[in-house]
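Student: The file below is model18.pdb, PDB, C-alpha atoms:
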ATOM      1  CA  MET A 226       0.000   0.000   0.000  1.00  0.00           C
ATOM      2  CA  GLU A 227       0.954   3.621  -0.466  1.00  0.00           C
ATOM      3  CA  ASP A 228       1.991   5.251   2.816  1.00  0.00           C
ATOM      4  CA  TYR A 229      -1.040   7.522   2.734  1.00  0.00           C
ATOM      5  CA  SER A 230      -3.330   4.540   2.099  1.00  0.00           C
ATOM      6  CA  LEU A 231      -2.039   2.882   5.246  1.00  0.00           C
ATOM      7  CA  GLN A 232      -2.734   6.103   7.117  1.00  0.00           C
ATOM      8  CA  HIS A 233      -6.287   6.150   5.753  1.00  0.00           C
ATOM      9  CA  LYS A 234      -6.794   2.524   6.740  1.00  0.00           C
ATOM     10  CA  LYS A 235      -5.861   3.293  10.340  1.00  0.00           C
ATOM     11  CA  ALA A 236      -8.292   6.217  10.380  1.00  0.00           C
ATOM     12  CA  TRP A 237     -11.190   4.264   8.893  1.00  0.00           C
ATOM     13  CA  GLU A 238     -10.700   1.316  11.247  1.00  0.00           C
ATOM     14  CA  PHE A 239     -10.809   3.504  14.347  1.00  0.00           C
ATOM     15  CA  ASP A 240     -14.047   2.505  16.122  1.00  0.00           C
ATOM     16  CA  ALA A 241     -15.781   2.317  12.742  1.00  0.00           C
ATOM     17  CA  TYR A 242     -18.170  -0.539  13.504  1.00  0.00           C
ATOM     18  CA  ASN A 243     -19.323   1.074  16.742  1.00  0.00           C
ATOM     19  CA  PHE A 244     -19.740   4.398  14.972  1.00  0.00           C
ATOM     20  CA  TRP A 245     -22.093   2.886  12.403  1.00  0.00           C
ATOM     21  CA  VAL A 246     -24.134   1.194  15.115  1.00  0.00           C
ATOM     22  CA  LYS A 247     -24.469   4.495  16.989  1.00  0.00           C
ATOM     23  CA  THR A 248     -25.386   6.570  13.946  1.00  0.00           C
ATOM     24  CA  SER A 249     -27.176   4.120  11.625  1.00  0.00           C
ATOM     25  CA  GLY A 250     -28.497   1.541  14.077  1.00  0.00           C
ATOM     26  CA  THR A 251     -27.593  -2.101  14.448  1.00  0.00           C
ATOM     27  CA  PRO A 252     -27.196  -4.022  11.185  1.00  0.00           C
ATOM     28  CA  GLU A 253     -30.674  -5.441  11.777  1.00  0.00           C
ATOM     29  CA  GLU A 254     -32.144  -1.966  12.248  1.00  0.00           C
ATOM     30  CA  ARG A 255     -30.380  -0.608   9.182  1.00  0.00           C
ATOM     31  CA  ALA A 256     -31.453  -3.629   7.133  1.00  0.00           C
ATOM     32  CA  ALA A 257     -35.104  -3.022   8.006  1.00  0.00           C
ATOM     33  CA  LYS A 258     -34.883   0.499   6.559  1.00  0.00           C
ATOM     34  CA  ASP A 259     -33.114  -0.772   3.438  1.00  0.00           C
ATOM     35  CA  LYS A 260     -35.745  -3.455   2.845  1.00  0.00           C
ATOM     36  CA  ALA A 261     -38.650  -1.060   3.388  1.00  0.00           C
ATOM     37  CA  ASP A 262     -37.671   1.204   0.473  1.00  0.00           C
ATOM     38  CA  PRO A 263     -34.295   0.512  -1.159  1.00  0.00           C
ATOM     39  CA  LYS A 264     -34.704   3.202  -3.828  1.00  0.00           C
ATOM     40  CA  LYS A 265     -35.371   5.793  -1.145  1.00  0.00           C
ATOM     41  CA  MET A 266     -32.160   4.737   0.609  1.00  0.00           C
ATOM     42  CA  LEU A 267     -30.244   5.387  -2.622  1.00  0.00           C
ATOM     43  CA  LYS A 268     -31.578   8.974  -2.600  1.00  0.00           C
ATOM     44  CA  TYR A 269     -31.021  10.901  -5.835  1.00  0.00           C
ATOM     45  CA  HIS A 270     -28.358   8.439  -6.947  1.00  0.00           C
ATOM     46  CA  ALA A 271     -31.079   5.965  -7.945  1.00  0.00           C
ATOM     47  CA  GLY A 272     -31.930   8.127 -10.934  1.00  0.00           C
ATOM     48  CA  TYR A 273     -28.491   7.668 -12.466  1.00  0.00           C
ATOM     49  CA  PHE A 274     -28.859   3.905 -12.906  1.00  0.00           C
ATOM     50  CA  ASP A 275     -30.351   2.702 -16.203  1.00  0.00           C
ATOM     51  CA  THR A 276     -31.425  -0.527 -14.534  1.00  0.00           C
ATOM     52  CA  PHE A 277     -30.657  -2.500 -11.372  1.00  0.00           C
ATOM     53  CA  GLU A 278     -31.583  -6.084 -12.124  1.00  0.00           C
ATOM     54  CA  GLY A 279     -28.613  -8.282 -12.993  1.00  0.00           C
ATOM     55  CA  ILE A 280     -25.961  -5.587 -13.386  1.00  0.00           C
ATOM     56  CA  ARG A 281     -22.514  -5.861 -11.844  1.00  0.00           C
ATOM     57  CA  VAL A 282     -21.705  -2.788  -9.754  1.00  0.00           C
ATOM     58  CA  ALA A 283     -18.320  -1.817  -8.295  1.00  0.00           C
ATOM     59  CA  ASN A 284     -19.076   0.378  -5.278  1.00  0.00           C
ATOM     60  CA  ILE A 285     -15.820   2.267  -4.731  1.00  0.00           C
ATOM     61  CA  CYS A 286     -15.075   3.159  -1.103  1.00  0.00           C
ATOM     62  CA  GLY A 287     -18.509   1.755  -0.342  1.00  0.00           C
ATOM     63  CA  SER A 288     -17.941   2.046   3.399  1.00  0.00           C
ATOM     64  CA  CYS A 289     -20.613   0.394   5.560  1.00  0.00           C
ATOM     65  CA  GLY A 290     -22.794  -0.703   2.641  1.00  0.00           C
ATOM     66  CA  LYS A 291     -25.328   2.117   2.878  1.00  0.00           C
ATOM     67  CA  LYS A 292     -25.725   2.120  -0.902  1.00  0.00           C
ATOM     68  CA  ALA A 293     -24.541  -1.412  -1.726  1.00  0.00           C
ATOM     69  CA  VAL A 294     -27.244  -3.180   0.284  1.00  0.00           C
ATOM     70  CA  PRO A 295     -30.137  -1.241  -1.328  1.00  0.00           C
ATOM     71  CA  LEU A 296     -28.598  -1.893  -4.758  1.00  0.00           C
ATOM     72  CA  ALA A 297     -28.410  -5.607  -3.988  1.00  0.00           C
ATOM     73  CA  LEU A 298     -32.031  -5.607  -2.826  1.00  0.00           C
ATOM     74  CA  LEU A 299     -32.972  -4.096  -6.190  1.00  0.00           C
ATOM     75  CA  GLY A 300     -31.265  -6.972  -7.995  1.00  0.00           C
ATOM     76  CA  ALA A 301     -27.705  -5.764  -8.621  1.00  0.00           C
ATOM     77  CA  ASP A 302     -24.593  -7.881  -8.084  1.00  0.00           C
ATOM     78  CA  VAL A 303     -22.554  -5.488  -5.940  1.00  0.00           C
ATOM     79  CA  THR A 304     -18.908  -5.583  -4.921  1.00  0.00           C
ATOM     80  CA  ILE A 305     -17.655  -3.009  -2.419  1.00  0.00           C
ATOM     81  CA  PHE A 306     -14.006  -2.011  -2.604  1.00  0.00           C
ATOM     82  CA  ASP A 307     -13.000  -0.343   0.648  1.00  0.00           C
ATOM     83  CA  ILE A 308      -9.963  -0.122   2.900  1.00  0.00           C
ATOM     84  CA  SER A 309     -11.659  -0.840   6.239  1.00  0.00           C
ATOM     85  CA  LYS A 310     -12.332  -4.299   7.637  1.00  0.00           C
ATOM     86  CA  ASP A 311     -14.662  -2.733  10.220  1.00  0.00           C
ATOM     87  CA  ASN A 312     -16.753  -1.298   7.392  1.00  0.00           C
ATOM     88  CA  LYS A 313     -16.857  -4.776   5.881  1.00  0.00           C
ATOM     89  CA  ARG A 314     -18.166  -6.284   9.097  1.00  0.00           C
ATOM     90  CA  TYR A 315     -21.064  -3.834   9.309  1.00  0.00           C
ATOM     91  CA  ALA A 316     -21.887  -4.067   5.591  1.00  0.00           C
ATOM     92  CA  MET A 317     -21.876  -7.858   5.491  1.00  0.00           C
ATOM     93  CA  GLU A 318     -23.984  -8.165   8.636  1.00  0.00           C
ATOM     94  CA  THR A 319     -26.475  -5.650   7.234  1.00  0.00           C
ATOM     95  CA  ALA A 320     -26.722  -7.511   3.924  1.00  0.00           C
ATOM     96  CA  GLU A 321     -27.333 -10.798   5.728  1.00  0.00           C
ATOM     97  CA  ALA A 322     -29.993  -9.220   7.932  1.00  0.00           C
ATOM     98  CA  ALA A 323     -31.662  -7.783   4.813  1.00  0.00           C
ATOM     99  CA  GLY A 324     -31.801 -11.212   3.207  1.00  0.00           C
ATOM    100  CA  THR A 325     -29.456 -10.341   0.370  1.00  0.00           C
ATOM    101  CA  SER A 326     -25.755 -10.692  -0.409  1.00  0.00           C
ATOM    102  CA  ILE A 327     -22.904  -8.434  -1.451  1.00  0.00           C
ATOM    103  CA  ASN A 328     -19.219  -8.948  -2.101  1.00  0.00           C
ATOM    104  CA  PHE A 329     -16.652  -6.933  -0.172  1.00  0.00           C
ATOM    105  CA  GLU A 330     -12.972  -6.581  -1.050  1.00  0.00           C
ATOM    106  CA  VAL A 331     -10.876  -5.014   1.722  1.00  0.00           C
ATOM    107  CA  CYS A 332      -8.080  -3.443  -0.288  1.00  0.00           C
ATOM    108  CA  ASP A 333      -6.274  -0.336  -1.406  1.00  0.00           C
ATOM    109  CA  ILE A 334      -8.332   1.006  -4.321  1.00  0.00           C
ATOM    110  CA  LEU A 335      -5.113   1.685  -6.214  1.00  0.00           C
ATOM    111  CA  LYS A 336      -4.180  -2.006  -5.897  1.00  0.00           C
ATOM    112  CA  ILE A 337      -7.414  -3.707  -6.957  1.00  0.00           C
ATOM    113  CA  ASP A 338      -6.722  -7.173  -8.423  1.00  0.00           C
ATOM    114  CA  MET A 339      -7.101  -6.515 -12.137  1.00  0.00           C
ATOM    115  CA  ASN A 340      -6.405 -10.157 -12.975  1.00  0.00           C
ATOM    116  CA  ARG A 341      -9.842 -10.758 -11.458  1.00  0.00           C
ATOM    117  CA  TYR A 342     -11.753  -7.535 -12.000  1.00  0.00           C
ATOM    118  CA  ALA A 343     -10.535  -5.898 -15.226  1.00  0.00           C
ATOM    119  CA  GLY A 344     -13.514  -5.399 -17.536  1.00  0.00           C
ATOM    120  CA  TYR A 345     -15.823  -7.113 -15.039  1.00  0.00           C
ATOM    121  CA  PHE A 346     -18.372  -4.433 -14.126  1.00  0.00           C
ATOM    122  CA  ASP A 347     -21.292  -2.758 -15.861  1.00  0.00           C
ATOM    123  CA  VAL A 348     -21.248   0.219 -13.479  1.00  0.00           C
ATOM    124  CA  VAL A 349     -18.617   1.842 -11.293  1.00  0.00           C
ATOM    125  CA  PHE A 350     -20.372   3.865  -8.590  1.00  0.00           C
ATOM    126  CA  MET A 351     -19.010   6.157  -5.887  1.00  0.00           C
ATOM    127  CA  GLU A 352     -20.605   8.756  -3.632  1.00  0.00           C
ATOM    128  CA  GLY A 353     -20.202  10.520  -0.333  1.00  0.00           C
ATOM    129  CA  GLY A 354     -16.901  12.284  -0.903  1.00  0.00           C
ATOM    130  CA  ILE A 355     -14.014   9.980  -1.834  1.00  0.00           C
ATOM    131  CA  LEU A 356     -11.919  11.690  -4.517  1.00  0.00           C
ATOM    132  CA  HIS A 357      -9.936  13.715  -1.983  1.00  0.00           C
ATOM    133  CA  TYR A 358      -8.467  10.470  -0.562  1.00  0.00           C
ATOM    134  CA  PHE A 359      -6.532   9.913  -3.805  1.00  0.00           C
ATOM    135  CA  HIS A 360      -3.606  12.108  -4.742  1.00  0.00           C
ATOM    136  CA  ASP A 361      -3.522  11.475  -8.505  1.00  0.00           C
ATOM    137  CA  ILE A 362      -6.957  11.740 -10.100  1.00  0.00           C
ATOM    138  CA  ASP A 363      -5.641  10.555 -13.474  1.00  0.00           C
ATOM    139  CA  GLU A 364      -4.363   7.320 -11.932  1.00  0.00           C
ATOM    140  CA  PHE A 365      -7.633   6.881 -10.052  1.00  0.00           C
ATOM    141  CA  MET A 366      -9.846   7.395 -13.109  1.00  0.00           C
ATOM    142  CA  ASN A 367      -7.713   5.055 -15.206  1.00  0.00           C
ATOM    143  CA  ILE A 368      -8.363   2.334 -12.614  1.00  0.00           C
ATOM    144  CA  MET A 369     -12.096   3.066 -12.710  1.00  0.00           C
ATOM    145  CA  ASN A 370     -12.048   2.719 -16.489  1.00  0.00           C
ATOM    146  CA  SER A 371     -10.184  -0.582 -16.278  1.00  0.00           C
ATOM    147  CA  LEU A 372     -12.865  -2.070 -14.021  1.00  0.00           C
ATOM    148  CA  LEU A 373     -15.613  -1.504 -16.592  1.00  0.00           C
ATOM    149  CA  LYS A 374     -16.768  -3.469 -19.579  1.00  0.00           C
ATOM    150  CA  ALA A 375     -16.775  -1.652 -22.913  1.00  0.00           C
ATOM    151  CA  GLY A 376     -19.751   0.701 -22.814  1.00  0.00           C
ATOM    152  CA  GLY A 377     -19.851   0.536 -19.012  1.00  0.00           C
ATOM    153  CA  LYS A 378     -21.003   3.470 -16.917  1.00  0.00           C
ATOM    154  CA  LEU A 379     -19.172   5.629 -14.386  1.00  0.00           C
ATOM    155  CA  ILE A 380     -21.353   7.291 -11.730  1.00  0.00           C
ATOM    156  CA  CYS A 381     -19.088   9.623  -9.793  1.00  0.00           C
ATOM    157  CA  SER A 382     -20.905  11.626  -7.120  1.00  0.00           C
ATOM    158  CA  ASP A 383     -18.758  13.630  -4.759  1.00  0.00           C
ATOM    159  CA  PHE A 384     -18.348  16.832  -2.768  1.00  0.00           C
ATOM    160  CA  HIS A 385     -18.489  19.900  -4.970  1.00  0.00           C
ATOM    161  CA  PRO A 386     -15.075  21.509  -5.598  1.00  0.00           C
ATOM    162  CA  PHE A 387     -16.504  24.729  -4.156  1.00  0.00           C
ATOM    163  CA  THR A 388     -15.867  23.099  -0.762  1.00  0.00           C
ATOM    164  CA  LYS A 389     -12.163  23.830  -1.323  1.00  0.00           C
ATOM    165  CA  ILE A 390     -12.780  27.492  -0.568  1.00  0.00           C
ATOM    166  CA  SER A 391     -15.753  27.302   1.817  1.00  0.00           C
ATOM    167  CA  ASP A 392     -16.852  24.758   4.426  1.00  0.00           C
ATOM    168  CA  ILE A 393     -20.370  24.768   3.016  1.00  0.00           C
ATOM    169  CA  LEU A 394     -21.076  21.188   4.124  1.00  0.00           C
ATOM    170  CA  LYS A 395     -19.932  21.893   7.697  1.00  0.00           C
ATOM    171  CA  THR A 396     -17.427  19.031   7.637  1.00  0.00           C
ATOM    172  CA  GLN A 397     -14.903  21.132   9.570  1.00  0.00           C
ATOM    173  CA  GLN A 398     -12.224  20.624   6.920  1.00  0.00           C
ATOM    174  CA  PRO A 399      -9.667  23.371   6.197  1.00  0.00           C
ATOM    175  CA  THR A 400     -10.246  25.633   3.206  1.00  0.00           C
ATOM    176  CA  MET A 401      -7.664  26.906   0.745  1.00  0.00           C
ATOM    177  CA  SER A 402      -7.152  28.471  -2.656  1.00  0.00           C
ATOM    178  CA  TYR A 403      -9.493  26.957  -5.237  1.00  0.00           C
ATOM    179  CA  PHE A 404      -6.466  26.199  -7.414  1.00  0.00           C
ATOM    180  CA  SER A 405      -4.350  24.681  -4.649  1.00  0.00           C
ATOM    181  CA  THR A 406      -2.706  21.341  -5.412  1.00  0.00           C
ATOM    182  CA  GLU A 407      -1.586  20.920  -1.799  1.00  0.00           C
ATOM    183  CA  ILE A 408      -1.756  17.569  -0.027  1.00  0.00           C
ATOM    184  CA  PHE A 409      -2.760  18.286   3.546  1.00  0.00           C
ATOM    185  CA  ASP A 410      -3.507  16.488   6.808  1.00  0.00           C
ATOM    186  CA  GLY A 411      -7.151  16.494   7.813  1.00  0.00           C
ATOM    187  CA  GLU A 412      -9.516  14.641  10.090  1.00  0.00           C
ATOM    188  CA  MET A 413     -11.377  11.615   8.811  1.00  0.00           C
ATOM    189  CA  ALA A 414     -15.061  12.191   8.178  1.00  0.00           C
ATOM    190  CA  HIS A 415     -16.397  10.982  11.525  1.00  0.00           C
ATOM    191  CA  ALA A 416     -13.903  12.624  13.871  1.00  0.00           C
ATOM    192  CA  ARG A 417     -16.073  15.657  14.548  1.00  0.00           C
ATOM    193  CA  PHE A 418     -18.766  13.445  16.076  1.00  0.00           C
ATOM    194  CA  TYR A 419     -16.515  12.335  18.956  1.00  0.00           C
ATOM    195  CA  ASP A 420     -15.645  14.222  22.116  1.00  0.00           C
ATOM    196  CA  GLU A 421     -12.387  16.140  22.025  1.00  0.00           C
ATOM    197  CA  GLU A 422     -10.332  13.587  23.953  1.00  0.00           C
ATOM    198  CA  ILE A 423     -11.158  10.744  21.552  1.00  0.00           C
ATOM    199  CA  ARG A 424     -11.082  13.055  18.547  1.00  0.00           C
ATOM    200  CA  ARG A 425      -7.416  13.812  19.175  1.00  0.00           C
ATOM    201  CA  GLN A 426      -6.625  10.079  19.081  1.00  0.00           C
ATOM    202  CA  ILE A 427      -8.119   9.418  15.645  1.00  0.00           C
ATOM    203  CA  PRO A 428      -5.445   9.132  12.940  1.00  0.00           C
ATOM    204  CA  LYS A 429      -5.439  11.885  10.352  1.00  0.00           C
ATOM    205  CA  CYS A 430      -5.909  11.407   6.615  1.00  0.00           C
ATOM    206  CA  LYS A 431      -3.934  12.980   3.784  1.00  0.00           C
ATOM    207  CA  TYR A 432      -6.212  14.787   1.361  1.00  0.00           C
ATOM    208  CA  ARG A 433      -5.912  16.305  -2.096  1.00  0.00           C
ATOM    209  CA  LYS A 434      -8.893  18.351  -3.285  1.00  0.00           C
ATOM    210  CA  TYR A 435      -9.598  18.956  -6.976  1.00  0.00           C
ATOM    211  CA  THR A 436     -11.096  21.657  -9.160  1.00  0.00           C
ATOM    212  CA  ILE A 437     -14.018  21.008 -11.501  1.00  0.00           C
ATOM    213  CA  SER A 438     -11.714  21.043 -14.510  1.00  0.00           C
ATOM    214  CA  GLU A 439      -9.315  18.522 -12.923  1.00  0.00           C
ATOM    215  CA  ILE A 440     -12.202  16.137 -12.294  1.00  0.00           C
ATOM    216  CA  ILE A 441     -13.715  16.513 -15.755  1.00  0.00           C
ATOM    217  CA  ASN A 442     -10.348  16.242 -17.493  1.00  0.00           C
ATOM    218  CA  GLY A 443      -9.475  13.198 -15.365  1.00  0.00           C
ATOM    219  CA  ILE A 444     -12.661  11.464 -16.524  1.00  0.00           C
ATOM    220  CA  ILE A 445     -12.162  12.335 -20.184  1.00  0.00           C
ATOM    221  CA  GLY A 446      -8.437  11.563 -20.095  1.00  0.00           C
ATOM    222  CA  ALA A 447      -9.099   8.068 -18.749  1.00  0.00           C
ATOM    223  CA  GLY A 448     -11.116   7.195 -21.842  1.00  0.00           C
ATOM    224  CA  PHE A 449     -14.653   8.073 -20.789  1.00  0.00           C
ATOM    225  CA  THR A 450     -17.177  10.045 -22.765  1.00  0.00           C
ATOM    226  CA  LEU A 451     -18.634  12.555 -20.320  1.00  0.00           C
ATOM    227  CA  GLU A 452     -22.428  12.337 -20.655  1.00  0.00           C
ATOM    228  CA  ARG A 453     -23.599  14.563 -17.777  1.00  0.00           C
ATOM    229  CA  PHE A 454     -22.268  16.813 -15.054  1.00  0.00           C
ATOM    230  CA  ASP A 455     -24.918  17.750 -12.490  1.00  0.00           C
ATOM    231  CA  GLU A 456     -24.553  20.025  -9.471  1.00  0.00           C
ATOM    232  CA  HIS A 457     -26.572  19.501  -6.291  1.00  0.00           C
ATOM    233  CA  PRO A 458     -27.289  21.954  -3.450  1.00  0.00           C
ATOM    234  CA  SER A 459     -25.580  21.787  -0.084  1.00  0.00           C
ATOM    235  CA  TRP A 460     -27.540  20.063   2.672  1.00  0.00           C
ATOM    236  CA  GLU A 461     -26.573  23.016   4.869  1.00  0.00           C
ATOM    237  CA  ASP A 462     -27.551  25.833   2.494  1.00  0.00           C
ATOM    238  CA  GLU A 463     -29.541  25.051  -0.634  1.00  0.00           C
ATOM    239  CA  THR A 464     -28.388  28.292  -2.274  1.00  0.00           C
ATOM    240  CA  LEU A 465     -24.827  26.907  -2.515  1.00  0.00           C
ATOM    241  CA  PRO A 466     -23.447  23.912  -4.432  1.00  0.00           C
ATOM    242  CA  GLY A 467     -22.680  20.980  -2.132  1.00  0.00           C
ATOM    243  CA  GLU A 468     -22.220  17.935  -4.361  1.00  0.00           C
ATOM    244  CA  PHE A 469     -21.926  16.986  -8.018  1.00  0.00           C
ATOM    245  CA  THR A 470     -22.527  13.883 -10.103  1.00  0.00           C
ATOM    246  CA  ALA A 471     -20.503  13.146 -13.236  1.00  0.00           C
ATOM    247  CA  ILE A 472     -21.662  10.431 -15.625  1.00  0.00           C
ATOM    248  CA  GLY A 473     -19.120   8.874 -17.951  1.00  0.00           C
ATOM    249  CA  ARG A 474     -19.356   6.058 -20.483  1.00  0.00           C
ATOM    250  CA  LYS A 475     -16.390   3.821 -21.250  1.00  0.00           C
ATOM    251  CA  ASN A 476     -15.648   4.064 -24.918  1.00  0.00           C
ATOM    252  CA  GLY A 477     -16.804   0.945 -26.750  1.00  0.00           C
ATOM    253  CA  SER A 478     -20.062  -0.758 -27.615  1.00  0.00           C
ATOM    254  CA  ALA A 479     -23.065   0.142 -25.473  1.00  0.00           C
ATOM    255  CA  LEU A 480     -24.423  -2.130 -22.767  1.00  0.00           C
TER     256      LEU A 480
END
Give the structure from the file, written as C-alpha cells.
Tutor:
Amino acid sequence: MEDYSLQHKKAWEFDAYNFWVKTSGTPEERAAKDKADPKKMLKYHAGYFDTFEGIRVANICGSCGKKAVPLALLGADVTIFDISKDNKRYAMETAEAAGTSINFEVCDILKIDMNRYAGYFDVVFMEGGILHYFHDIDEFMNIMNSLLKAGGKLICSDFHPFTKISDILKTQQPTMSYFSTEIFDGEMAHARFYDEEIRRQIPKCKYRKYTISEIINGIIGAGFTLERFDEHPSWEDETLPGEFTAIGRKNGSAL
C-alpha cells in the first residue's frame, strides 16, 4: 500500500463498527430500513442507474454498505471495494440481515486485483466524498475505467469543488485556494462526532482536493465520454453547491 493509504486505513478502522451502530443503528435496524424502500435509501443516486436487475456494480469506497445493500435488494450484483475491515463487518452483517448478499474486497483502491476484476463491471459507482483520498486523479480514473466493460457506466458523485474554498457542508475541513494542489492532513469524516479527547486520538488522513476542470479532465483523459455533469445543493444551504454527479461512459459498444 501507499503510505497515505495505510494512514487512511488506520483512520477508517478507528471505532468504525461502533460508529455505524451508533449513527445508523444495528445491522438489523439498518437492514429493516433498506428493505422497506431501497430506492429511497439510494436517494437521488437511484436516478443515475439505467437498470438494477442483474448488473454488476463496483461500489468504490462503499464504506458500511449504505448504498450497496439497497442496490443488492434491487437486484444488482454489488462488490464493495473499501480499505476498512470494520466497514466490511457492518456491511456484510447488514446484507445478511436484509436477506441479500454483497461482495466486499478489503483493499487499497489503487491495488485492486485486475487479474480478477478488469472489464468485469457494468457500473462503477461512488458517492459521499471519496476523490480527496486519492492524490492522482488521473491514476484513479484510469483504474475506474479498467474495471468496466466496454460501454460501461461511471457514476461519480462527490463533494463539490466549491468546498475547497468554503466549508459549506460543515465538515470542519480546512479551506484553501481553489487552485491549490496541496496535499494536507485532515480529520477523517467521523472525527467531529466524537468528544475532544477521543477526537485527538483518531489518525489523520492525507487529502488532495480537486477543481471542476481537474475532475472533468481526469474522466475524459481516462477514456470516458462525459455524458452529464450535475450540481446539487448543499444540505446546509440550498443556495450553494454541495455535491456533483458526473456520468461517464467507457468508450466501446453500449451495454
Student: Name the residues that the PyMOL selection byres ((chain A and resi 432-438) around 9) picks from the file above, as an mmCIF file with C-alpha atoms, keeping the file's coordinate frame, using the file's chain letters and numbers.
Tutor:
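expr29.cif was written with the following content:
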data_model
loop_
_atom_site.group_PDB
_atom_site.id
_atom_site.type_symbol
_atom_site.label_atom_id
_atom_site.label_comp_id
_atom_site.auth_asym_id
_atom_site.auth_seq_id
_atom_site.Cartn_x
_atom_site.Cartn_y
_atom_site.Cartn_z
ATOM 1 C CA LEU A 356 -11.919 11.690 -4.517
ATOM 2 C CA HIS A 357 -9.936 13.715 -1.983
ATOM 3 C CA TYR A 358 -8.467 10.470 -0.562
ATOM 4 C CA PHE A 359 -6.532 9.913 -3.805
ATOM 5 C CA HIS A 360 -3.606 12.108 -4.742
ATOM 6 C CA ASP A 361 -3.522 11.475 -8.505
ATOM 7 C CA ILE A 362 -6.957 11.740 -10.100
ATOM 8 C CA HIS A 385 -18.489 19.900 -4.970
ATOM 9 C CA PRO A 386 -15.075 21.509 -5.598
ATOM 10 C CA PHE A 387 -16.504 24.729 -4.156
ATOM 11 C CA THR A 388 -15.867 23.099 -0.762
ATOM 12 C CA LYS A 389 -12.163 23.830 -1.323
ATOM 13 C CA TYR A 403 -9.493 26.957 -5.237
ATOM 14 C CA PHE A 404 -6.466 26.199 -7.414
ATOM 15 C CA SER A 405 -4.350 24.681 -4.649
ATOM 16 C CA THR A 406 -2.706 21.341 -5.412
ATOM 17 C CA GLU A 407 -1.586 20.920 -1.799
ATOM 18 C CA ILE A 408 -1.756 17.569 -0.027
ATOM 19 C CA PHE A 409 -2.760 18.286 3.546
ATOM 20 C CA ASP A 410 -3.507 16.488 6.808
ATOM 21 C CA GLY A 411 -7.151 16.494 7.813
ATOM 22 C CA CYS A 430 -5.909 11.407 6.615
ATOM 23 C CA LYS A 431 -3.934 12.980 3.784
ATOM 24 C CA GLU A 439 -9.315 18.522 -12.923
ATOM 25 C CA ILE A 440 -12.202 16.137 -12.294
ATOM 26 C CA ILE A 441 -13.715 16.513 -15.755
ATOM 27 C CA ASN A 442 -10.348 16.242 -17.493
ATOM 28 C CA GLY A 443 -9.475 13.198 -15.365
#
Student: By how many Å are atom CA of A:Ala256 and atom CA of A:Asp338 apart?
Tutor: 29.4 Å
Student: Determine, for each residue of stretch 235-276 of chain A having at least one atom at most 6 Å from an atom of stretch 289-299 of chain A, the closest pair of atoms and their separation in Å to one decimal, counting only C-alpha atoms; order by chain and ascending number, as JSON lines.
Tutor:
{"residue": "A:Asp259", "atom": "CA", "partner": "A:Pro295", "partner_atom": "CA", "distance": 5.6}
{"residue": "A:Pro263", "atom": "CA", "partner": "A:Pro295", "partner_atom": "CA", "distance": 4.5}
{"residue": "A:Leu267", "atom": "CA", "partner": "A:Lys292", "partner_atom": "CA", "distance": 5.8}
Student: Could you jot down the atom CA of A:Leu379 to atom CA of A:Ala471 separation for me, Å, one decimal place?
Tutor: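 Answer for the atom CA of A:Leu379 to atom CA of A:Ala471 separation: 7.7 Å.
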Student: Name the residues, using the chain letters and numbers of the file, that sit within 8 Å of (-16.5, -5.1, -19.5) when counting only C-alpha atoms, and give them as number ranges by chain.
Tutor: A: 343-347, 372-377
Student: Restricting the calculation to all atoms listed in the file: of A:Asp302, A:Asp262, A:Asp275, A:Glu412, which residue gets closest to A:Ile472?
Tutor: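 Closest to A:Ile472, using all atoms listed in the file: A:Asp275.
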Student: Please write as a PyMOL selection string the full residue list that the PyMOL selection byres ((chain A and resi 394) around 12) yields on this file.
Tutor: chain A and resi 353-354+383-393+395-400+414+457-463+465-468
Student: Those same residues, written as a short mmCIF file (atom, residue, chain, number, x, y, z; two decimals), in the coordinates of the input with C-alpha atoms?
Tutor:
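Written output follows (result-v4.cif):
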data_model
loop_
_atom_site.label_atom_id
_atom_site.label_comp_id
_atom_site.auth_asym_id
_atom_site.auth_seq_id
_atom_site.Cartn_x
_atom_site.Cartn_y
_atom_site.Cartn_z
CA GLY A 353 -20.20 10.52 -0.33
CA GLY A 354 -16.90 12.28 -0.90
CA ASP A 383 -18.76 13.63 -4.76
CA PHE A 384 -18.35 16.83 -2.77
CA HIS A 385 -18.49 19.90 -4.97
CA PRO A 386 -15.08 21.51 -5.60
CA PHE A 387 -16.50 24.73 -4.16
CA THR A 388 -15.87 23.10 -0.76
CA LYS A 389 -12.16 23.83 -1.32
CA ILE A 390 -12.78 27.49 -0.57
CA SER A 391 -15.75 27.30 1.82
CA ASP A 392 -16.85 24.76 4.43
CA ILE A 393 -20.37 24.77 3.02
CA LYS A 395 -19.93 21.89 7.70
CA THR A 396 -17.43 19.03 7.64
CA GLN A 397 -14.90 21.13 9.57
CA GLN A 398 -12.22 20.62 6.92
CA PRO A 399 -9.67 23.37 6.20
CA THR A 400 -10.25 25.63 3.21
CA ALA A 414 -15.06 12.19 8.18
CA HIS A 457 -26.57 19.50 -6.29
CA PRO A 458 -27.29 21.95 -3.45
CA SER A 459 -25.58 21.79 -0.08
CA TRP A 460 -27.54 20.06 2.67
CA GLU A 461 -26.57 23.02 4.87
CA ASP A 462 -27.55 25.83 2.49
CA GLU A 463 -29.54 25.05 -0.63
CA LEU A 465 -24.83 26.91 -2.52
CA PRO A 466 -23.45 23.91 -4.43
CA GLY A 467 -22.68 20.98 -2.13
CA GLU A 468 -22.22 17.93 -4.36
#
Student: Give me the residues within 9 Å of A:Asp333 as a ChimeraX atom specification, counting all atoms listed in the file and dropping any in the same chain fewer than 3 places off.
Tutor: /A:226-227,230-231,234,306-308,336-337
Student: Grab the residues selected above and save them as an mmCIF file, keeping the file's coordinate frame with C-alpha atoms.
Tutor:
data_model
loop_
_atom_site.group_PDB
_atom_site.id
_atom_site.type_symbol
_atom_site.label_atom_id
_atom_site.label_comp_id
_atom_site.auth_asym_id
_atom_site.auth_seq_id
_atom_site.Cartn_x
_atom_site.Cartn_y
_atom_site.Cartn_z
ATOM 1 C CA MET A 226 0.000 0.000 0.000
ATOM 2 C CA GLU A 227 0.954 3.621 -0.466
ATOM 3 C CA SER A 230 -3.330 4.540 2.099
ATOM 4 C CA LEU A 231 -2.039 2.882 5.246
ATOM 5 C CA LYS A 234 -6.794 2.524 6.740
ATOM 6 C CA PHE A 306 -14.006 -2.011 -2.604
ATOM 7 C CA ASP A 307 -13.000 -0.343 0.648
ATOM 8 C CA ILE A 308 -9.963 -0.122 2.900
ATOM 9 C CA LYS A 336 -4.180 -2.006 -5.897
ATOM 10 C CA ILE A 337 -7.414 -3.707 -6.957
#
